[in-house]
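Dumped query_8.txt below, it's compact mmCIF, C-alpha atoms:
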# COMPACT_ATOMS: atom_id res chain seq x y z
CA GLU A 1 -10.81 36.41 22.63
CA ALA A 2 -10.69 33.07 20.79
CA PRO A 3 -12.74 32.76 17.61
CA ARG A 4 -16.01 30.85 17.96
CA MET A 5 -16.02 27.32 16.63
CA THR A 6 -18.27 26.44 13.74
CA ARG A 7 -20.85 23.67 14.11
CA GLU A 8 -18.58 21.35 12.12
CA GLU A 9 -15.55 22.15 14.30
CA LYS A 10 -17.59 21.50 17.44
CA LEU A 11 -18.84 18.19 16.07
CA ASP A 12 -15.29 17.15 15.11
CA LYS A 13 -14.08 17.99 18.61
CA LEU A 14 -16.96 16.10 20.22
CA LEU A 15 -16.31 13.02 18.11
CA GLU A 16 -12.57 13.13 18.74
CA VAL A 17 -13.02 13.47 22.50
CA ALA A 18 -15.74 10.80 22.57
CA ALA A 19 -13.52 8.40 20.60
CA GLY A 20 -10.68 9.02 23.07
CA LEU A 21 -12.94 8.33 26.04
CA MET A 22 -14.44 5.21 24.43
CA ALA A 23 -11.00 3.92 23.47
CA ARG A 24 -9.82 4.28 27.08
CA GLN A 25 -12.87 3.18 29.03
CA GLY A 26 -15.13 1.42 26.52
CA TYR A 27 -18.40 2.38 24.87
CA SER A 28 -20.59 0.97 27.63
CA GLN A 29 -18.68 2.94 30.29
CA THR A 30 -18.75 6.26 28.41
CA SER A 31 -21.74 8.57 28.78
CA ILE A 32 -22.73 11.67 26.87
CA ARG A 33 -22.29 13.48 30.19
CA ASP A 34 -18.62 12.32 30.22
CA VAL A 35 -18.10 13.75 26.73
CA ALA A 36 -19.77 17.04 27.74
CA ARG A 37 -17.59 17.28 30.84
CA GLU A 38 -14.40 16.52 28.88
CA THR A 39 -15.15 19.04 26.12
CA GLY A 40 -16.62 21.76 28.32
CA PHE A 41 -19.83 21.78 26.26
CA SER A 42 -23.18 21.78 28.01
CA LEU A 43 -25.07 18.53 28.33
CA ALA A 44 -28.07 20.17 26.65
CA GLY A 45 -25.80 21.24 23.79
CA MET A 46 -24.68 17.63 23.32
CA TYR A 47 -28.24 16.65 22.42
CA TYR A 48 -28.12 19.15 19.58
CA TYR A 49 -25.60 16.79 17.93
CA PHE A 50 -26.73 13.39 19.25
CA GLU A 51 -30.16 12.12 20.27
CA ARG A 52 -28.62 9.23 22.18
CA LYS A 53 -25.25 7.63 22.85
CA GLU A 54 -25.68 5.17 19.97
CA ASP A 55 -25.81 8.16 17.55
CA LEU A 56 -22.44 9.27 18.88
CA LEU A 57 -20.91 5.84 18.24
CA TYR A 58 -22.55 5.71 14.82
CA GLN A 59 -21.02 9.06 13.82
CA ILE A 60 -17.57 7.94 15.00
CA GLN A 61 -17.82 4.69 13.04
CA LYS A 62 -19.34 6.22 9.93
CA GLY A 63 -16.81 9.02 9.75
CA THR A 64 -13.89 6.68 10.33
CA PHE A 65 -14.91 3.91 7.92
CA GLN A 66 -16.12 6.31 5.20
CA ARG A 67 -12.97 8.46 5.23
CA LEU A 68 -10.77 5.38 5.21
CA LEU A 69 -12.75 3.78 2.37
CA ASP A 70 -12.69 7.02 0.34
CA GLN A 71 -8.91 7.26 0.73
CA GLN A 72 -8.45 3.61 -0.20
CA GLU A 73 -10.68 3.81 -3.27
CA ALA A 74 -8.83 6.89 -4.50
CA GLN A 75 -5.46 5.18 -3.99
CA THR A 76 -6.40 1.89 -5.65
CA ALA A 77 -8.11 3.64 -8.59
CA ALA A 78 -4.83 5.40 -9.34
CA THR A 79 -2.83 2.14 -9.43
CA LEU A 80 -3.18 -0.77 -11.82
CA ASP A 81 -0.49 -3.07 -10.41
CA PRO A 82 -2.08 -5.36 -7.77
CA GLU A 83 1.12 -5.54 -5.72
CA GLU A 84 1.33 -1.75 -5.60
CA CYS A 85 -2.40 -1.58 -4.75
CA LEU A 86 -1.94 -3.94 -1.81
CA ARG A 87 1.09 -1.99 -0.61
CA SER A 88 -0.97 1.20 -0.87
CA ILE A 89 -3.90 -0.32 1.07
CA ILE A 90 -1.56 -1.34 3.88
CA LYS A 91 0.25 2.01 4.01
CA THR A 92 -2.97 4.03 3.87
CA HIS A 93 -4.65 1.92 6.56
CA LEU A 94 -1.65 2.17 8.89
CA ALA A 95 -1.24 5.90 8.27
CA TYR A 96 -4.92 6.40 9.05
CA PHE A 97 -4.51 4.36 12.23
CA GLN A 98 -1.52 6.44 13.26
CA SER A 99 -3.47 9.69 13.00
CA HIS A 100 -6.81 8.29 14.29
CA ALA A 101 -5.78 5.61 16.81
CA SER A 102 -8.71 6.15 19.19
CA GLU A 103 -11.29 6.05 16.40
CA MET A 104 -9.78 2.87 14.93
CA LYS A 105 -9.72 1.22 18.36
CA VAL A 106 -13.37 2.13 18.97
CA CYS A 107 -14.36 0.84 15.52
CA THR A 108 -12.52 -2.44 16.13
CA TYR A 109 -13.89 -3.07 19.63
CA GLU A 110 -17.38 -1.73 19.07
CA LEU A 111 -18.31 -3.26 15.70
CA GLU A 112 -21.32 -5.01 17.21
CA SER A 113 -22.48 -2.19 19.52
CA LEU A 114 -24.72 -0.59 16.91
CA SER A 115 -28.06 -2.09 15.93
CA GLY A 116 -30.73 -1.85 13.27
CA ASP A 117 -30.35 0.60 10.39
CA LEU A 118 -27.30 2.24 11.97
CA TYR A 119 -25.50 -1.10 12.06
CA GLU A 120 -26.56 -1.94 8.51
CA GLU A 121 -25.23 1.35 7.14
CA ILE A 122 -21.83 0.83 8.79
CA GLU A 123 -21.79 -2.81 7.71
CA ASP A 124 -22.37 -1.71 4.10
CA ILE A 125 -19.30 0.57 4.20
CA ARG A 126 -17.23 -2.21 5.78
CA ARG A 127 -18.38 -4.67 3.08
CA ARG A 128 -17.34 -2.23 0.35
CA TYR A 129 -13.91 -1.93 1.97
CA TYR A 130 -13.65 -5.73 2.25
CA ARG A 131 -14.68 -6.27 -1.41
CA MET A 132 -12.20 -3.69 -2.66
CA THR A 133 -9.38 -5.35 -0.70
CA ALA A 134 -10.46 -8.89 -1.61
CA ASN A 135 -10.43 -7.93 -5.30
CA VAL A 136 -6.86 -6.70 -4.94
CA VAL A 137 -5.90 -9.96 -3.18
CA ARG A 138 -7.62 -11.96 -5.95
CA GLU A 139 -5.73 -10.04 -8.63
CA LEU A 140 -2.46 -10.41 -6.73
CA ILE A 141 -2.71 -14.18 -6.58
CA GLY A 142 -3.80 -14.28 -10.23
CA ILE A 143 -7.33 -15.69 -10.08
CA GLU A 144 -9.79 -14.55 -12.76
CA SER A 145 -12.97 -16.54 -11.96
CA PRO A 146 -12.51 -18.10 -8.53
CA THR A 147 -13.90 -21.50 -7.59
CA ARG A 148 -15.50 -21.99 -4.16
CA THR A 149 -12.16 -23.14 -2.71
CA GLN A 150 -10.35 -20.16 -4.25
CA ARG A 151 -13.00 -17.74 -2.91
CA ASP A 152 -12.41 -19.22 0.55
CA ARG A 153 -8.65 -18.71 0.14
CA ILE A 154 -9.18 -15.10 -0.98
CA ARG A 155 -11.46 -14.50 2.01
CA HIS A 156 -8.96 -16.04 4.44
CA LEU A 157 -6.06 -13.99 3.08
CA THR A 158 -8.13 -10.80 3.14
CA MET A 159 -9.35 -11.40 6.69
CA PHE A 160 -5.79 -12.21 7.79
CA LEU A 161 -4.69 -8.86 6.36
CA PHE A 162 -7.52 -7.00 8.13
CA GLY A 163 -6.75 -8.83 11.37
CA SER A 164 -3.16 -7.66 11.18
CA LEU A 165 -4.13 -4.09 10.30
CA ASN A 166 -7.08 -3.61 12.65
CA TRP A 167 -5.39 -4.99 15.74
CA VAL A 168 -2.14 -3.07 15.28
CA PHE A 169 -2.99 -0.95 18.34
CA MET A 170 -2.51 -4.07 20.47
CA TRP A 171 1.17 -4.38 19.64
CA TYR A 172 2.39 -1.19 17.94
CA GLN A 173 4.49 1.12 20.13
CA PRO A 174 5.67 4.25 18.28
CA LYS A 175 8.83 4.57 20.38
CA LYS A 176 9.88 0.95 19.75
CA ASP A 177 8.44 0.02 16.36
CA VAL A 178 9.49 1.62 13.11
Representation of the structure as structure tokens:
Amino acid sequence: EAPRMTREEKLDKLLEVAAGLMARQGYSQTSIRDVARETGFSLAGMYYYFERKEDLLYQIQKGTFQRLLDQQEAQTAATLDPEECLRSIIKTHLAYFQSHASEMKVCTYELESLSGDLYEEIEDIRRRYYRMTANVVRELIGIESPTRTQRDRIRHLTMFLFGSLNWVFMWYQPKKDV
């Protein structure tokens, strides 16, 4: 007889399966019933974890962005050299993508699917991640007190970096790409 899963293990499984379904068929096409069917959990049991489908998406996004931010903050705090910090940000982001591809895809495609307080909370985490990365970019290009034009340049470089990192699932093929 297999050991019973803890509440946390069940939630992790639900979120992983839901992220996989949403990554394949989209948030709007994925129902809580689909997640229940795929996991073998009862539909009634699903509502123990989520009041509505938006809560499910929120938990996927919050868990993904918060874990990634926590890892990045720990890495950059341990490194003073801006070039090494940027290298670390890129490696950590890509490593996270590699082990959480469905979650990253859902977070990229479904950024605007949340609303109200749920959206604001996720947006706050994303802003913290952006500011941390933009500060590393600013340090790397050697700007102490940026002018408006320099702030725009920092923003453009940072957004270019995020565009490259967040859309990696569109072009990366593990069997072809190193």
Padding of 5 Å on every side, edges along x, y and z, all listed atoms of stretch 76-82 of chain A included: what centre and edge lengths in Å, to one decimal, does that box have, as JSON?
{"center_x": -4.3, "center_y": 0.0, "center_z": -8.7, "size_x": 17.6, "size_y": 20.8, "size_z": 16.2}
(Q) When you look at stretch 88-104 of chain A with a cut-off of 6 Å (counting all atoms listed in the file), what residues show up, excluding the ones that are within fewer than 3 positions of it in the same chain? I need them as a list in words. (A) Ala19, Gly20, Ala23, Cys85 and Cys107 of chain A
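What separates atom CA of A:Glu110 from atom CA of A:Asp124 is a distance of 15.8 Å.
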Q: Considering only C-alpha atoms, return as a VMD selection string whatever protein or nucleic-acid residues lie within 12 Å of A:Arg131, sequence-local ones (same chain, fewer than 2 positions apart) excluded.
A: chain A and resid 69 72 to 73 124 to 129 133 to 138 151 154 to 155 158 to 159 162
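In terms of minimum interatomic distance to A:Glu121, A:Gln66 ranks closest within A:Ser42, A:Lys175, A:Gln66, A:Lys53, counting only C-alpha atoms.
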Q.
Tell me which residues come within 8 Å of (-1.4, 3.1, -5.2), as a PyMOL selection string, counting all atoms listed in the file in the file's coordinates.
A. chain A and resi 75-80+84-89
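Reported to one decimal place, the separation of atom CA of A:Val17 from atom CA of A:Val35 is 6.6 Å.
Restricting the calculation to all atoms listed in the file, the smallest distance between A:Gly26 and any of A:Tyr109, A:Tyr119, A:Trp167, A:Phe160 is found for A:Tyr109.
Here atom CA of A:Gln59 and atom CA of A:Met46 stand 13.3 Å from one another.
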Residues of stretch 42-67 of chain A at most 8 Å from stretch 8-15 of chain A: nearest atom pair and distance in Å, only C-alpha atoms, as JSON lines:
{"residue": "A:Tyr49", "atom": "CA", "partner": "A:Leu11", "partner_atom": "CA", "distance": 7.1}
{"residue": "A:Leu56", "atom": "CA", "partner": "A:Leu15", "partner_atom": "CA", "distance": 7.2}
{"residue": "A:Gln59", "atom": "CA", "partner": "A:Leu15", "partner_atom": "CA", "distance": 7.5}
{"residue": "A:Ile60", "atom": "CA", "partner": "A:Leu15", "partner_atom": "CA", "distance": 6.1}
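Of the residues under consideration (A:Gly45, A:Pro174, A:Gly63, A:Pro146), A:Gly63 shows the shortest atom-to-atom contact distance to A:Ile122 when counting all atoms listed in the file.
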Q | Option closest in space to A:Gln61, from A:Arg37, A:His156, A:Lys105, A:Lys176 [counting all atoms listed in the file] | A | A:Lys105
Q. For A:Phe50, which residue among A:Val106, A:Ala74, A:Leu161, A:Ala18 is the nearest when counting only C-alpha atoms?
A. A:Ala18
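Distances here use all atoms listed in the file; by that measure, the residue among A:Glu54, A:Tyr48, A:Thr149, A:Glu139 closest to A:Ser31 is A:Glu54.
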Shell around A:Leu43 at 7 Å using all atoms listed in the file, local window under 4 positions removed, as a PDB file with C-alpha atoms, in the coordinates of the input:
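Wrote out-v5.pdb, looks like this:
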ATOM      1  CA  ARG A  33     -22.290  13.480  30.190  1.00  0.00           C
ATOM      2  CA  ALA A  36     -19.770  17.040  27.740  1.00  0.00           C
ATOM      3  CA  TYR A  47     -28.240  16.650  22.420  1.00  0.00           C
TER       4      TYR A  47
END
Copy stretch 30-61 of chain A out of the block into a file, keeping N, CA, C and O atoms, as an mmCIF file, in the first residue's frame.
data_model
loop_
_atom_site.group_PDB
_atom_site.id
_atom_site.type_symbol
_atom_site.label_atom_id
_atom_site.label_comp_id
_atom_site.auth_asym_id
_atom_site.auth_seq_id
_atom_site.Cartn_x
_atom_site.Cartn_y
_atom_site.Cartn_z
ATOM 1 N N THR A 30 -8.761 25.095 -19.807
ATOM 2 C CA THR A 30 -8.520 24.133 -18.734
ATOM 3 C C THR A 30 -9.525 24.364 -17.609
ATOM 4 O O THR A 30 -9.679 25.483 -17.137
ATOM 5 N N SER A 31 -10.190 23.320 -17.197
ATOM 6 C CA SER A 31 -11.160 23.433 -16.096
ATOM 7 C C SER A 31 -10.615 22.711 -14.858
ATOM 8 O O SER A 31 -9.716 21.875 -14.948
ATOM 9 N N ILE A 32 -11.200 23.036 -13.724
ATOM 10 C CA ILE A 32 -10.835 22.329 -12.498
ATOM 11 C C ILE A 32 -11.219 20.848 -12.645
ATOM 12 O O ILE A 32 -10.508 19.969 -12.165
ATOM 13 N N ARG A 33 -12.277 20.588 -13.357
ATOM 14 C CA ARG A 33 -12.686 19.202 -13.622
ATOM 15 C C ARG A 33 -11.585 18.466 -14.393
ATOM 16 O O ARG A 33 -11.299 17.299 -14.111
ATOM 17 N N ASP A 34 -10.944 19.134 -15.363
ATOM 18 C CA ASP A 34 -9.827 18.524 -16.111
ATOM 19 C C ASP A 34 -8.683 18.149 -15.169
ATOM 20 O O ASP A 34 -8.098 17.077 -15.291
ATOM 21 N N VAL A 35 -8.360 19.055 -14.248
ATOM 22 C CA VAL A 35 -7.267 18.807 -13.302
ATOM 23 C C VAL A 35 -7.632 17.636 -12.392
ATOM 24 O O VAL A 35 -6.806 16.751 -12.137
ATOM 25 N N ALA A 36 -8.881 17.599 -11.924
ATOM 26 C CA ALA A 36 -9.338 16.492 -11.069
ATOM 27 C C ALA A 36 -9.225 15.168 -11.826
ATOM 28 O O ALA A 36 -8.715 14.170 -11.286
ATOM 29 N N ARG A 37 -9.681 15.158 -13.059
ATOM 30 C CA ARG A 37 -9.636 13.942 -13.869
ATOM 31 C C ARG A 37 -8.192 13.479 -14.059
ATOM 32 O O ARG A 37 -7.876 12.302 -13.899
ATOM 33 N N GLU A 38 -7.310 14.405 -14.378
ATOM 34 C CA GLU A 38 -5.900 14.087 -14.649
ATOM 35 C C GLU A 38 -5.160 13.597 -13.396
ATOM 36 O O GLU A 38 -4.276 12.760 -13.486
ATOM 37 N N THR A 39 -5.519 14.117 -12.242
ATOM 38 C CA THR A 39 -4.829 13.730 -11.001
ATOM 39 C C THR A 39 -5.489 12.541 -10.307
ATOM 40 O O THR A 39 -4.866 11.905 -9.458
ATOM 41 N N GLY A 40 -6.745 12.285 -10.644
ATOM 42 C CA GLY A 40 -7.473 11.224 -9.956
ATOM 43 C C GLY A 40 -8.093 11.688 -8.648
ATOM 44 O O GLY A 40 -8.651 10.888 -7.898
ATOM 45 N N PHE A 41 -8.015 12.978 -8.347
ATOM 46 C CA PHE A 41 -8.642 13.524 -7.149
ATOM 47 C C PHE A 41 -10.095 13.831 -7.454
ATOM 48 O O PHE A 41 -10.470 14.101 -8.592
ATOM 49 N N SER A 42 -10.916 13.828 -6.428
ATOM 50 C CA SER A 42 -12.333 14.134 -6.638
ATOM 51 C C SER A 42 -12.506 15.621 -6.939
ATOM 52 O O SER A 42 -11.712 16.456 -6.489
ATOM 53 N N LEU A 43 -13.551 15.921 -7.685
ATOM 54 C CA LEU A 43 -13.856 17.321 -7.985
ATOM 55 C C LEU A 43 -14.144 18.080 -6.694
ATOM 56 O O LEU A 43 -13.672 19.205 -6.509
ATOM 57 N N ALA A 44 -14.877 17.458 -5.783
ATOM 58 C CA ALA A 44 -15.170 18.100 -4.497
ATOM 59 C C ALA A 44 -13.877 18.378 -3.736
ATOM 60 O O ALA A 44 -13.723 19.432 -3.110
ATOM 61 N N GLY A 45 -12.935 17.451 -3.796
ATOM 62 C CA GLY A 45 -11.646 17.634 -3.133
ATOM 63 C C GLY A 45 -10.842 18.787 -3.708
ATOM 64 O O GLY A 45 -10.060 19.428 -3.003
ATOM 65 N N MET A 46 -11.045 19.057 -4.994
ATOM 66 C CA MET A 46 -10.334 20.174 -5.642
ATOM 67 C C MET A 46 -10.713 21.498 -4.979
ATOM 68 O O MET A 46 -9.876 22.381 -4.811
ATOM 69 N N TYR A 47 -11.981 21.612 -4.601
ATOM 70 C CA TYR A 47 -12.458 22.869 -4.014
ATOM 71 C C TYR A 47 -11.959 23.065 -2.579
ATOM 72 O O TYR A 47 -12.110 24.141 -2.022
ATOM 73 N N TYR A 48 -11.353 22.043 -2.022
ATOM 74 C CA TYR A 48 -10.671 22.194 -0.742
ATOM 75 C C TYR A 48 -9.427 23.071 -0.926
ATOM 76 O O TYR A 48 -9.053 23.818 -0.041
ATOM 77 N N TYR A 49 -8.812 22.985 -2.105
ATOM 78 C CA TYR A 49 -7.585 23.720 -2.408
ATOM 79 C C TYR A 49 -7.836 25.028 -3.162
ATOM 80 O O TYR A 49 -7.071 25.971 -3.026
ATOM 81 N N PHE A 50 -8.882 25.063 -3.965
ATOM 82 C CA PHE A 50 -9.150 26.229 -4.818
ATOM 83 C C PHE A 50 -10.636 26.552 -4.817
ATOM 84 O O PHE A 50 -11.450 25.680 -5.066
ATOM 85 N N GLU A 51 -10.980 27.810 -4.562
ATOM 86 C CA GLU A 51 -12.388 28.208 -4.621
ATOM 87 C C GLU A 51 -12.863 28.312 -6.059
ATOM 88 O O GLU A 51 -14.011 28.035 -6.368
ATOM 89 N N ARG A 52 -11.951 28.748 -6.933
ATOM 90 C CA ARG A 52 -12.290 28.913 -8.346
ATOM 91 C C ARG A 52 -11.016 28.745 -9.175
ATOM 92 O O ARG A 52 -9.916 28.694 -8.639
ATOM 93 N N LYS A 53 -11.173 28.666 -10.467
ATOM 94 C CA LYS A 53 -10.047 28.406 -11.358
ATOM 95 C C LYS A 53 -8.984 29.498 -11.263
ATOM 96 O O LYS A 53 -7.789 29.218 -11.344
ATOM 97 N N GLU A 54 -9.400 30.743 -11.040
ATOM 98 C CA GLU A 54 -8.443 31.841 -10.925
ATOM 99 C C GLU A 54 -7.496 31.615 -9.733
ATOM 100 O O GLU A 54 -6.319 31.962 -9.799
ATOM 101 N N ASP A 55 -7.988 31.012 -8.651
ATOM 102 C CA ASP A 55 -7.133 30.696 -7.496
ATOM 103 C C ASP A 55 -6.040 29.701 -7.878
ATOM 104 O O ASP A 55 -4.915 29.784 -7.400
ATOM 105 N N LEU A 56 -6.388 28.768 -8.730
ATOM 106 C CA LEU A 56 -5.434 27.782 -9.215
ATOM 107 C C LEU A 56 -4.318 28.478 -10.010
ATOM 108 O O LEU A 56 -3.129 28.247 -9.757
ATOM 109 N N LEU A 57 -4.691 29.343 -10.930
ATOM 110 C CA LEU A 57 -3.698 30.090 -11.705
ATOM 111 C C LEU A 57 -2.850 30.982 -10.798
ATOM 112 O O LEU A 57 -1.624 31.053 -10.947
ATOM 113 N N TYR A 58 -3.495 31.630 -9.852
ATOM 114 C CA TYR A 58 -2.777 32.480 -8.896
ATOM 115 C C TYR A 58 -1.713 31.676 -8.151
ATOM 116 O O TYR A 58 -0.570 32.114 -8.022
ATOM 117 N N GLN A 59 -2.080 30.486 -7.651
ATOM 118 C CA GLN A 59 -1.110 29.690 -6.901
ATOM 119 C C GLN A 59 0.049 29.222 -7.788
ATOM 120 O O GLN A 59 1.190 29.169 -7.332
ATOM 121 N N ILE A 60 -0.232 28.906 -9.044
ATOM 122 C CA ILE A 60 0.847 28.535 -9.970
ATOM 123 C C ILE A 60 1.782 29.727 -10.157
ATOM 124 O O ILE A 60 3.008 29.607 -10.044
ATOM 125 N N GLN A 61 1.213 30.902 -10.442
ATOM 126 C CA GLN A 61 2.040 32.081 -10.685
ATOM 127 C C GLN A 61 2.793 32.515 -9.433
ATOM 128 O O GLN A 61 3.992 32.803 -9.495
#
